[in-house]
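Quick look at start.pdb (PDB, N, CA and C atoms):
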```pdb
ATOM      1  N   MET A   1       2.642 -14.764 -44.316
ATOM      2  CA  MET A   1       3.706 -14.525 -45.270
ATOM      3  C   MET A   1       4.401 -15.831 -45.639
ATOM      4  N   VAL A   2       4.693 -16.656 -44.632
ATOM      5  CA  VAL A   2       5.360 -17.926 -44.884
ATOM      6  C   VAL A   2       4.466 -18.845 -45.714
ATOM      7  N   SER A   3       3.176 -18.827 -45.417
ATOM      8  CA  SER A   3       2.261 -19.694 -46.167
ATOM      9  C   SER A   3       2.191 -19.272 -47.638
ATOM     10  N   GLN A   4       2.279 -17.953 -47.906
ATOM     11  CA  GLN A   4       2.264 -17.492 -49.291
ATOM     12  C   GLN A   4       3.502 -17.957 -50.035
ATOM     13  N   ILE A   5       4.642 -17.932 -49.371
ATOM     14  CA  ILE A   5       5.886 -18.387 -49.983
ATOM     15  C   ILE A   5       5.807 -19.880 -50.263
ATOM     16  N   GLU A   6       5.272 -20.644 -49.289
ATOM     17  CA  GLU A   6       5.144 -22.089 -49.478
ATOM     18  C   GLU A   6       4.219 -22.398 -50.649
ATOM     19  N   GLU A   7       3.113 -21.636 -50.779
ATOM     20  CA  GLU A   7       2.193 -21.866 -51.887
ATOM     21  C   GLU A   7       2.864 -21.591 -53.227
ATOM     22  N   LYS A   8       3.630 -20.508 -53.303
ATOM     23  CA  LYS A   8       4.339 -20.197 -54.536
ATOM     24  C   LYS A   8       5.360 -21.272 -54.851
ATOM     25  N   PHE A   9       6.051 -21.773 -53.820
ATOM     26  CA  PHE A   9       7.044 -22.818 -54.027
ATOM     27  C   PHE A   9       6.377 -24.096 -54.526
ATOM     28  N   ASP A  10       5.255 -24.467 -53.899
ATOM     29  CA  ASP A  10       4.534 -25.671 -54.315
ATOM     30  C   ASP A  10       4.003 -25.529 -55.737
ATOM     31  N   SER A  11       3.470 -24.362 -56.085
ATOM     32  CA  SER A  11       2.913 -24.194 -57.420
ATOM     33  C   SER A  11       4.009 -24.195 -58.483
ATOM     34  N   SER A  12       5.189 -23.666 -58.153
ATOM     35  CA  SER A  12       6.278 -23.691 -59.130
ATOM     36  C   SER A  12       6.802 -25.106 -59.319
ATOM     37  N   ALA A  13       6.815 -25.901 -58.245
ATOM     38  CA  ALA A  13       7.242 -27.296 -58.370
ATOM     39  C   ALA A  13       6.241 -28.080 -59.213
ATOM     40  N   ASN A  14       4.958 -27.814 -59.001
ATOM     41  CA  ASN A  14       3.937 -28.502 -59.795
ATOM     42  C   ASN A  14       4.018 -28.094 -61.252
ATOM     43  N   SER A  15       4.266 -26.829 -61.513
ATOM     44  CA  SER A  15       4.347 -26.400 -62.902
ATOM     45  C   SER A  15       5.580 -26.986 -63.584
ATOM     46  N   MET A  16       6.680 -27.152 -62.854
ATOM     47  CA  MET A  16       7.881 -27.764 -63.417
ATOM     48  C   MET A  16       7.606 -29.235 -63.740
ATOM     49  N   ASP A  17       6.894 -29.922 -62.852
ATOM     50  CA  ASP A  17       6.513 -31.309 -63.133
ATOM     51  C   ASP A  17       5.629 -31.389 -64.374
ATOM     52  N   ASP A  18       4.705 -30.441 -64.510
ATOM     53  CA  ASP A  18       3.831 -30.416 -65.684
ATOM     54  C   ASP A  18       4.632 -30.193 -66.962
ATOM     55  N   ILE A  19       5.610 -29.304 -66.894
ATOM     56  CA  ILE A  19       6.450 -29.028 -68.063
ATOM     57  C   ILE A  19       7.248 -30.263 -68.453
ATOM     58  N   LEU A  20       7.842 -30.933 -67.458
ATOM     59  CA  LEU A  20       8.619 -32.140 -67.745
ATOM     60  C   LEU A  20       7.738 -33.248 -68.295
ATOM     61  N   ARG A  21       6.542 -33.388 -67.752
ATOM     62  CA  ARG A  21       5.612 -34.407 -68.234
ATOM     63  C   ARG A  21       5.220 -34.124 -69.680
ATOM     64  N   GLN A  22       4.999 -32.853 -70.007
ATOM     65  CA  GLN A  22       4.642 -32.482 -71.376
ATOM     66  C   GLN A  22       5.786 -32.779 -72.337
ATOM     67  N   LEU A  23       7.025 -32.496 -71.925
ATOM     68  CA  LEU A  23       8.172 -32.800 -72.769
ATOM     69  C   LEU A  23       8.303 -34.303 -72.997
ATOM     70  N   ASP A  24       8.070 -35.094 -71.950
ATOM     71  CA  ASP A  24       8.124 -36.545 -72.094
ATOM     72  C   ASP A  24       7.061 -37.034 -73.071
ATOM     73  N   GLN A  25       5.870 -36.466 -72.995
ATOM     74  CA  GLN A  25       4.786 -36.905 -73.864
ATOM     75  C   GLN A  25       5.048 -36.544 -75.309
ATOM     76  N   ASP A  26       5.746 -35.445 -75.548
ATOM     77  CA  ASP A  26       6.055 -35.060 -76.926
ATOM     78  C   ASP A  26       7.084 -35.991 -77.550
ATOM     79  N   GLU A  27       8.011 -36.529 -76.750
ATOM     80  CA  GLU A  27       9.081 -37.366 -77.272
ATOM     81  C   GLU A  27       8.725 -38.844 -77.342
ATOM     82  N   ILE A  28       7.637 -39.230 -76.748
ATOM     83  CA  ILE A  28       7.281 -40.638 -76.629
ATOM     84  C   ILE A  28       6.697 -41.155 -77.950
ATOM     85  N   ARG A  29       6.928 -42.410 -78.251
ATOM     86  CA  ARG A  29       6.359 -43.062 -79.434
ATOM     87  C   ARG A  29       5.552 -44.257 -78.940
ATOM     88  N   ILE A  30       4.244 -44.187 -79.064
ATOM     89  CA  ILE A  30       3.350 -45.212 -78.529
ATOM     90  C   ILE A  30       2.759 -46.010 -79.683
ATOM     91  N   VAL A  31       2.802 -47.335 -79.569
ATOM     92  CA  VAL A  31       2.219 -48.223 -80.574
ATOM     93  C   VAL A  31       1.145 -49.055 -79.887
ATOM     94  N   ILE A  32      -0.082 -48.968 -80.407
ATOM     95  CA  ILE A  32      -1.205 -49.745 -79.877
ATOM     96  C   ILE A  32      -1.559 -50.780 -80.940
ATOM     97  N   SER A  33      -1.485 -52.058 -80.573
ATOM     98  CA  SER A  33      -1.733 -53.113 -81.549
ATOM     99  C   SER A  33      -2.631 -54.198 -80.967
ATOM    100  N   LYS A  34      -3.141 -55.015 -81.868
ATOM    101  CA  LYS A  34      -3.967 -56.169 -81.484
ATOM    102  C   LYS A  34      -3.105 -57.409 -81.618
ATOM    103  N   ASP A  35      -3.198 -58.285 -80.639
ATOM    104  CA  ASP A  35      -2.405 -59.508 -80.633
ATOM    105  C   ASP A  35      -3.340 -60.680 -80.348
ATOM    106  N   ILE A  36      -3.087 -61.791 -81.000
ATOM    107  CA  ILE A  36      -3.876 -63.002 -80.743
ATOM    108  C   ILE A  36      -3.037 -63.910 -79.854
ATOM    109  N   ARG A  37      -3.572 -64.189 -78.682
ATOM    110  CA  ARG A  37      -2.857 -64.980 -77.677
ATOM    111  C   ARG A  37      -3.315 -66.438 -77.715
ATOM    112  N   ARG A  38      -2.958 -67.155 -76.675
ATOM    113  CA  ARG A  38      -3.342 -68.563 -76.576
ATOM    114  C   ARG A  38      -4.853 -68.734 -76.659
ATOM    115  N   PHE A  39      -5.254 -69.849 -77.216
ATOM    116  CA  PHE A  39      -6.659 -70.214 -77.373
ATOM    117  C   PHE A  39      -7.443 -69.166 -78.168
ATOM    118  N   ARG A  40      -6.758 -68.490 -79.118
ATOM    119  CA  ARG A  40      -7.356 -67.496 -80.011
ATOM    120  C   ARG A  40      -7.996 -66.331 -79.269
ATOM    121  N   LYS A  41      -7.446 -65.980 -78.124
ATOM    122  CA  LYS A  41      -7.928 -64.827 -77.351
ATOM    123  C   LYS A  41      -7.254 -63.562 -77.875
ATOM    124  N   ILE A  42      -8.036 -62.503 -78.015
ATOM    125  CA  ILE A  42      -7.520 -61.238 -78.536
ATOM    126  C   ILE A  42      -7.088 -60.360 -77.368
ATOM    127  N   ALA A  43      -5.949 -59.681 -77.558
ATOM    128  CA  ALA A  43      -5.440 -58.772 -76.538
ATOM    129  C   ALA A  43      -4.995 -57.473 -77.203
ATOM    130  N   THR A  44      -5.146 -56.369 -76.485
ATOM    131  CA  THR A  44      -4.645 -55.075 -76.932
ATOM    132  C   THR A  44      -3.311 -54.835 -76.245
ATOM    133  N   VAL A  45      -2.278 -54.526 -77.019
ATOM    134  CA  VAL A  45      -0.937 -54.328 -76.475
ATOM    135  C   VAL A  45      -0.527 -52.875 -76.725
ATOM    136  N   VAL A  46      -0.109 -52.186 -75.646
ATOM    137  CA  VAL A  46       0.345 -50.800 -75.730
ATOM    138  C   VAL A  46       1.831 -50.794 -75.423
ATOM    139  N   LYS A  47       2.640 -50.438 -76.426
ATOM    140  CA  LYS A  47       4.096 -50.412 -76.259
ATOM    141  C   LYS A  47       4.593 -48.971 -76.347
ATOM    142  N   GLY A  48       5.740 -48.723 -75.735
ATOM    143  CA  GLY A  48       6.364 -47.415 -75.820
ATOM    144  C   GLY A  48       6.188 -46.558 -74.596
ATOM    145  N   LEU A  49       5.598 -47.101 -73.550
ATOM    146  CA  LEU A  49       5.393 -46.333 -72.324
ATOM    147  C   LEU A  49       6.370 -46.714 -71.221
ATOM    148  N   LYS A  50       7.387 -47.511 -71.524
ATOM    149  CA  LYS A  50       8.318 -47.896 -70.480
ATOM    150  C   LYS A  50       9.145 -46.691 -70.045
ATOM    151  N   ASP A  51       9.781 -46.792 -68.931
ATOM    152  CA  ASP A  51      10.557 -45.720 -68.319
ATOM    153  C   ASP A  51       9.678 -44.563 -67.862
ATOM    154  N   ARG A  52       8.403 -44.812 -67.655
ATOM    155  CA  ARG A  52       7.495 -43.788 -67.125
ATOM    156  C   ARG A  52       7.058 -44.207 -65.740
ATOM    157  N   ARG A  53       6.969 -43.245 -64.860
ATOM    158  CA  ARG A  53       6.598 -43.552 -63.475
ATOM    159  C   ARG A  53       5.122 -43.898 -63.333
ATOM    160  N   ASP A  54       4.272 -43.284 -64.129
ATOM    161  CA  ASP A  54       2.832 -43.444 -63.952
ATOM    162  C   ASP A  54       2.219 -44.524 -64.845
ATOM    163  N   THR A  55       3.032 -45.399 -65.410
ATOM    164  CA  THR A  55       2.510 -46.412 -66.324
ATOM    165  C   THR A  55       1.623 -47.417 -65.599
ATOM    166  N   GLU A  56       2.003 -47.797 -64.387
ATOM    167  CA  GLU A  56       1.174 -48.743 -63.636
ATOM    168  C   GLU A  56      -0.163 -48.114 -63.269
ATOM    169  N   LEU A  57      -0.156 -46.830 -62.937
ATOM    170  CA  LEU A  57      -1.415 -46.142 -62.649
ATOM    171  C   LEU A  57      -2.272 -46.024 -63.902
ATOM    172  N   LEU A  58      -1.631 -45.785 -65.039
ATOM    173  CA  LEU A  58      -2.353 -45.719 -66.309
ATOM    174  C   LEU A  58      -2.972 -47.076 -66.642
ATOM    175  N   THR A  59      -2.241 -48.152 -66.366
ATOM    176  CA  THR A  59      -2.763 -49.504 -66.595
ATOM    177  C   THR A  59      -4.009 -49.740 -65.755
ATOM    178  N   LYS A  60      -3.939 -49.365 -64.501
ATOM    179  CA  LYS A  60      -5.084 -49.552 -63.600
ATOM    180  C   LYS A  60      -6.282 -48.731 -64.077
ATOM    181  N   GLU A  61      -6.027 -47.498 -64.514
ATOM    182  CA  GLU A  61      -7.115 -46.652 -64.999
ATOM    183  C   GLU A  61      -7.755 -47.230 -66.262
ATOM    184  N   LEU A  62      -6.924 -47.728 -67.183
ATOM    185  CA  LEU A  62      -7.457 -48.343 -68.403
ATOM    186  C   LEU A  62      -8.321 -49.553 -68.066
ATOM    187  N   LYS A  63      -7.817 -50.412 -67.196
ATOM    188  CA  LYS A  63      -8.574 -51.616 -66.836
ATOM    189  C   LYS A  63      -9.902 -51.250 -66.187
ATOM    190  N   THR A  64      -9.907 -50.225 -65.340
ATOM    191  CA  THR A  64     -11.128 -49.827 -64.651
ATOM    192  C   THR A  64     -12.134 -49.212 -65.619
ATOM    193  N   LYS A  65     -11.675 -48.293 -66.468
ATOM    194  CA  LYS A  65     -12.599 -47.602 -67.380
ATOM    195  C   LYS A  65     -13.144 -48.526 -68.455
ATOM    196  N   ILE A  66     -12.313 -49.448 -68.942
ATOM    197  CA  ILE A  66     -12.770 -50.382 -69.969
ATOM    198  C   ILE A  66     -13.591 -51.504 -69.344
ATOM    199  N   GLY A  67     -13.244 -51.877 -68.131
ATOM    200  CA  GLY A  67     -13.949 -52.972 -67.475
ATOM    201  C   GLY A  67     -13.422 -54.323 -67.929
ATOM    202  N   THR A  68     -12.123 -54.440 -68.030
ATOM    203  CA  THR A  68     -11.500 -55.673 -68.503
ATOM    204  C   THR A  68     -10.269 -55.986 -67.669
ATOM    205  N   GLY A  69      -9.738 -57.163 -67.864
ATOM    206  CA  GLY A  69      -8.503 -57.544 -67.187
ATOM    207  C   GLY A  69      -7.306 -57.116 -67.992
ATOM    208  N   GLY A  70      -6.173 -57.103 -67.330
ATOM    209  CA  GLY A  70      -4.950 -56.740 -68.026
ATOM    210  C   GLY A  70      -3.788 -56.649 -67.062
ATOM    211  N   THR A  71      -2.618 -56.305 -67.598
ATOM    212  CA  THR A  71      -1.419 -56.224 -66.780
ATOM    213  C   THR A  71      -0.407 -55.277 -67.416
ATOM    214  N   TYR A  72       0.560 -54.850 -66.602
ATOM    215  CA  TYR A  72       1.723 -54.111 -67.091
ATOM    216  C   TYR A  72       2.926 -55.010 -66.872
ATOM    217  N   LYS A  73       3.572 -55.401 -67.972
ATOM    218  CA  LYS A  73       4.658 -56.371 -67.869
ATOM    219  C   LYS A  73       5.662 -56.129 -68.991
ATOM    220  N   ASP A  74       6.924 -56.172 -68.667
ATOM    221  CA  ASP A  74       8.010 -56.028 -69.644
ATOM    222  C   ASP A  74       7.895 -54.751 -70.473
ATOM    223  N   GLY A  75       7.483 -53.659 -69.843
ATOM    224  CA  GLY A  75       7.422 -52.379 -70.529
ATOM    225  C   GLY A  75       6.235 -52.202 -71.448
ATOM    226  N   GLN A  76       5.223 -53.049 -71.326
ATOM    227  CA  GLN A  76       4.041 -52.909 -72.172
ATOM    228  C   GLN A  76       2.781 -53.201 -71.370
ATOM    229  N   ILE A  77       1.695 -52.576 -71.792
ATOM    230  CA  ILE A  77       0.389 -52.804 -71.179
ATOM    231  C   ILE A  77      -0.352 -53.806 -72.052
ATOM    232  N   VAL A  78      -0.870 -54.860 -71.436
ATOM    233  CA  VAL A  78      -1.635 -55.877 -72.155
ATOM    234  C   VAL A  78      -3.039 -55.903 -71.564
ATOM    235  N   LEU A  79      -4.040 -55.641 -72.400
ATOM    236  CA  LEU A  79      -5.444 -55.648 -71.985
ATOM    237  C   LEU A  79      -6.180 -56.759 -72.711
ATOM    238  N   GLN A  80      -7.100 -57.400 -72.018
ATOM    239  CA  GLN A  80      -7.887 -58.450 -72.633
ATOM    240  C   GLN A  80      -8.940 -57.839 -73.555
ATOM    241  N   GLY A  81      -8.998 -58.308 -74.795
ATOM    242  CA  GLY A  81      -9.976 -57.815 -75.762
ATOM    243  C   GLY A  81      -9.379 -56.774 -76.691
ATOM    244  N   ASP A  82     -10.153 -56.392 -77.695
ATOM    245  CA  ASP A  82      -9.716 -55.403 -78.686
ATOM    246  C   ASP A  82     -10.258 -54.027 -78.293
ATOM    247  N   HIS A  83      -9.388 -53.198 -77.715
ATOM    248  CA  HIS A  83      -9.788 -51.874 -77.237
ATOM    249  C   HIS A  83      -8.857 -50.792 -77.780
ATOM    250  N   ARG A  84      -8.368 -50.951 -78.991
ATOM    251  CA  ARG A  84      -7.357 -50.043 -79.550
ATOM    252  C   ARG A  84      -7.852 -48.608 -79.652
ATOM    253  N   GLU A  85      -9.014 -48.392 -80.206
ATOM    254  CA  GLU A  85      -9.518 -47.022 -80.379
ATOM    255  C   GLU A  85      -9.825 -46.363 -79.039
ATOM    256  N   TYR A  86     -10.380 -47.123 -78.104
ATOM    257  CA  TYR A  86     -10.685 -46.565 -76.791
ATOM    258  C   TYR A  86      -9.404 -46.155 -76.070
ATOM    259  N   VAL A  87      -8.366 -46.980 -76.165
ATOM    260  CA  VAL A  87      -7.088 -46.668 -75.520
ATOM    261  C   VAL A  87      -6.493 -45.406 -76.143
ATOM    262  N   LYS A  88      -6.558 -45.285 -77.458
ATOM    263  CA  LYS A  88      -6.035 -44.097 -78.131
ATOM    264  C   LYS A  88      -6.780 -42.851 -77.675
ATOM    265  N   ASN A  89      -8.103 -42.916 -77.631
ATOM    266  CA  ASN A  89      -8.897 -41.767 -77.200
ATOM    267  C   ASN A  89      -8.594 -41.383 -75.754
ATOM    268  N   LEU A  90      -8.402 -42.367 -74.898
ATOM    269  CA  LEU A  90      -8.085 -42.077 -73.500
ATOM    270  C   LEU A  90      -6.713 -41.423 -73.380
ATOM    271  N   LEU A  91      -5.734 -41.907 -74.140
ATOM    272  CA  LEU A  91      -4.407 -41.301 -74.107
ATOM    273  C   LEU A  91      -4.438 -39.870 -74.639
ATOM    274  N   LEU A  92      -5.254 -39.614 -75.655
ATOM    275  CA  LEU A  92      -5.395 -38.251 -76.166
ATOM    276  C   LEU A  92      -6.013 -37.338 -75.114
ATOM    277  N   ARG A  93      -7.017 -37.838 -74.393
ATOM    278  CA  ARG A  93      -7.627 -37.046 -73.321
ATOM    279  C   ARG A  93      -6.649 -36.788 -72.183
ATOM    280  N   LYS A  94      -5.690 -37.705 -71.987
ATOM    281  CA  LYS A  94      -4.696 -37.534 -70.929
ATOM    282  C   LYS A  94      -3.602 -36.555 -71.337
ATOM    283  N   GLY A  95      -3.584 -36.133 -72.602
ATOM    284  CA  GLY A  95      -2.644 -35.117 -73.026
ATOM    285  C   GLY A  95      -1.506 -35.600 -73.903
ATOM    286  N   TYR A  96      -1.544 -36.846 -74.320
ATOM    287  CA  TYR A  96      -0.503 -37.360 -75.215
ATOM    288  C   TYR A  96      -0.723 -36.790 -76.608
ATOM    289  N   ASN A  97       0.344 -36.616 -77.348
ATOM    290  CA  ASN A  97       0.310 -36.041 -78.679
ATOM    291  C   ASN A  97      -0.245 -37.055 -79.679
ATOM    292  N   ASP A  98      -1.156 -36.604 -80.537
ATOM    293  CA  ASP A  98      -1.777 -37.485 -81.523
ATOM    294  C   ASP A  98      -0.745 -38.057 -82.501
ATOM    295  N   LYS A  99       0.273 -37.284 -82.829
ATOM    296  CA  LYS A  99       1.285 -37.746 -83.770
ATOM    297  C   LYS A  99       2.183 -38.819 -83.174
ATOM    298  N   SER A 100       2.241 -38.919 -81.850
ATOM    299  CA  SER A 100       3.096 -39.917 -81.216
ATOM    300  C   SER A 100       2.398 -41.249 -80.996
ATOM    301  N   ILE A 101       1.106 -41.327 -81.306
ATOM    302  CA  ILE A 101       0.341 -42.560 -81.103
ATOM    303  C   ILE A 101       0.050 -43.202 -82.444
ATOM    304  N   GLU A 102       0.444 -44.476 -82.568
ATOM    305  CA  GLU A 102       0.181 -45.232 -83.797
ATOM    306  C   GLU A 102      -0.692 -46.432 -83.462
ATOM    307  N   VAL A 103      -1.794 -46.581 -84.164
ATOM    308  CA  VAL A 103      -2.708 -47.705 -83.956
ATOM    309  C   VAL A 103      -2.525 -48.668 -85.115
ATOM    310  N   MET A 104      -2.252 -49.920 -84.808
ATOM    311  CA  MET A 104      -2.052 -50.937 -85.842
ATOM    312  C   MET A 104      -3.187 -51.931 -85.803
TER     313      MET A 104
END
```

So, in terms of structure tokens, how does the structure I just supplied come out?
Amino acid sequence: MVSQIEEKFDSSANSMDDILRQLDQDEIRIVISKDIRRFRKIATVVKGLKDRRDTELLTKELKTKIGTGGTYKDGQIVLQGDHREYVKNLLLRKGYNDKSIEVM
């Protein structure tokens, strides 16, 4: 009986987290752009994800799936190379709203 109550409590907490995450994703405005850095190196910059807890994990996942270097710094994700469309597609698969993502 106690285990059933604990399971219901855990599932309700998880569903509340899912609801809050969905609300955050609806309100977020993400801009994905290409930037030319030193020595004419191209970088993909993702802005608008600051104040999120999972941004560093998202950065690590992007770097791993793309197979490139990058960092999370000053509220933005910077990836080496031009990966704008791939980043947009990955964010859409993660559940972000298409209308909140702008590719420049």

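Residue nearest A:Asp82 within the list A:Ile32, A:Leu58, A:Ala43, A:Leu49: A:Ala43 [criterion: smallest interatomic distance, all atoms listed in the file].
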
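Closest approach to A:Leu62 among A:Arg37, A:Val31, A:Val87, A:Lys50 is made by A:Val87 (distances from only N, CA and C atoms).
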
Determine the residue membership of the PyMOL selection byres ((chain A and resi 70-79) around 5) for the file above and supply it as a PyMOL selection string. chain A and resi 43-47+50+68-69+80-81

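Applied to the file shown here, the PyMOL selection byres ((chain A and resi 103) around 6.5) selects the residues Ile30, Val31, Ile32, Ser33, Ile101, Glu102 and Met104 of chain A.
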
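Straight-line separation from atom CA of A:Lys63 to atom CA of A:Gly95: 18.6 Å.
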
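The spacing separating atom N of A:Ile28 from atom CA of A:Ile42 amounts to 26.8 Å.
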
Enter the distance from atom CA of A:Glu61 to atom N of A:Glu85, in Å, rounded to one decimal. 15.4 Å

Selecting N, CA and C atoms, how would stretch 80-92 of chain A from this structure be written as a JSON list (two decimals), in the first residue's frame?
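Ended up saving to selection24.json:
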```json
[["chain", "number", "residue", "atom", "x", "y", "z"],
["A", 80, "GLN", "N", 31.33, 24.86, -32.73],
["A", 80, "GLN", "CA", 32.24, 25.07, -33.84],
["A", 80, "GLN", "C", 31.61, 24.55, -35.13],
["A", 81, "GLY", "N", 31.59, 25.39, -36.16],
["A", 81, "GLY", "CA", 31.03, 25.00, -37.46],
["A", 81, "GLY", "C", 29.61, 25.50, -37.63],
["A", 82, "ASP", "N", 29.09, 25.33, -38.84],
["A", 82, "ASP", "CA", 27.73, 25.78, -39.17],
["A", 82, "ASP", "C", 26.77, 24.59, -39.04],
["A", 83, "HIS", "N", 26.03, 24.55, -37.94],
["A", 83, "HIS", "CA", 25.11, 23.45, -37.66],
["A", 83, "HIS", "C", 23.71, 23.96, -37.33],
["A", 84, "ARG", "N", 23.29, 25.05, -37.95],
["A", 84, "ARG", "CA", 22.02, 25.70, -37.59],
["A", 84, "ARG", "C", 20.82, 24.80, -37.80],
["A", 85, "GLU", "N", 20.71, 24.17, -38.94],
["A", 85, "GLU", "CA", 19.54, 23.32, -39.22],
["A", 85, "GLU", "C", 19.51, 22.09, -38.32],
["A", 86, "TYR", "N", 20.67, 21.50, -38.07],
["A", 86, "TYR", "CA", 20.73, 20.32, -37.21],
["A", 86, "TYR", "C", 20.31, 20.68, -35.79],
["A", 87, "VAL", "N", 20.76, 21.83, -35.30],
["A", 87, "VAL", "CA", 20.41, 22.27, -33.94],
["A", 87, "VAL", "C", 18.90, 22.51, -33.86],
["A", 88, "LYS", "N", 18.33, 23.14, -34.88],
["A", 88, "LYS", "CA", 16.88, 23.38, -34.89],
["A", 88, "LYS", "C", 16.11, 22.07, -34.87],
["A", 89, "ASN", "N", 16.51, 21.12, -35.70],
["A", 89, "ASN", "CA", 15.83, 19.82, -35.73],
["A", 89, "ASN", "C", 15.94, 19.09, -34.40],
["A", 90, "LEU", "N", 17.09, 19.17, -33.76],
["A", 90, "LEU", "CA", 17.27, 18.51, -32.47],
["A", 90, "LEU", "C", 16.39, 19.17, -31.40],
["A", 91, "LEU", "N", 16.31, 20.49, -31.41],
["A", 91, "LEU", "CA", 15.45, 21.18, -30.45],
["A", 91, "LEU", "C", 13.98, 20.85, -30.68],
["A", 92, "LEU", "N", 13.58, 20.71, -31.94],
["A", 92, "LEU", "CA", 12.20, 20.31, -32.23],
["A", 92, "LEU", "C", 11.92, 18.91, -31.72]]
```
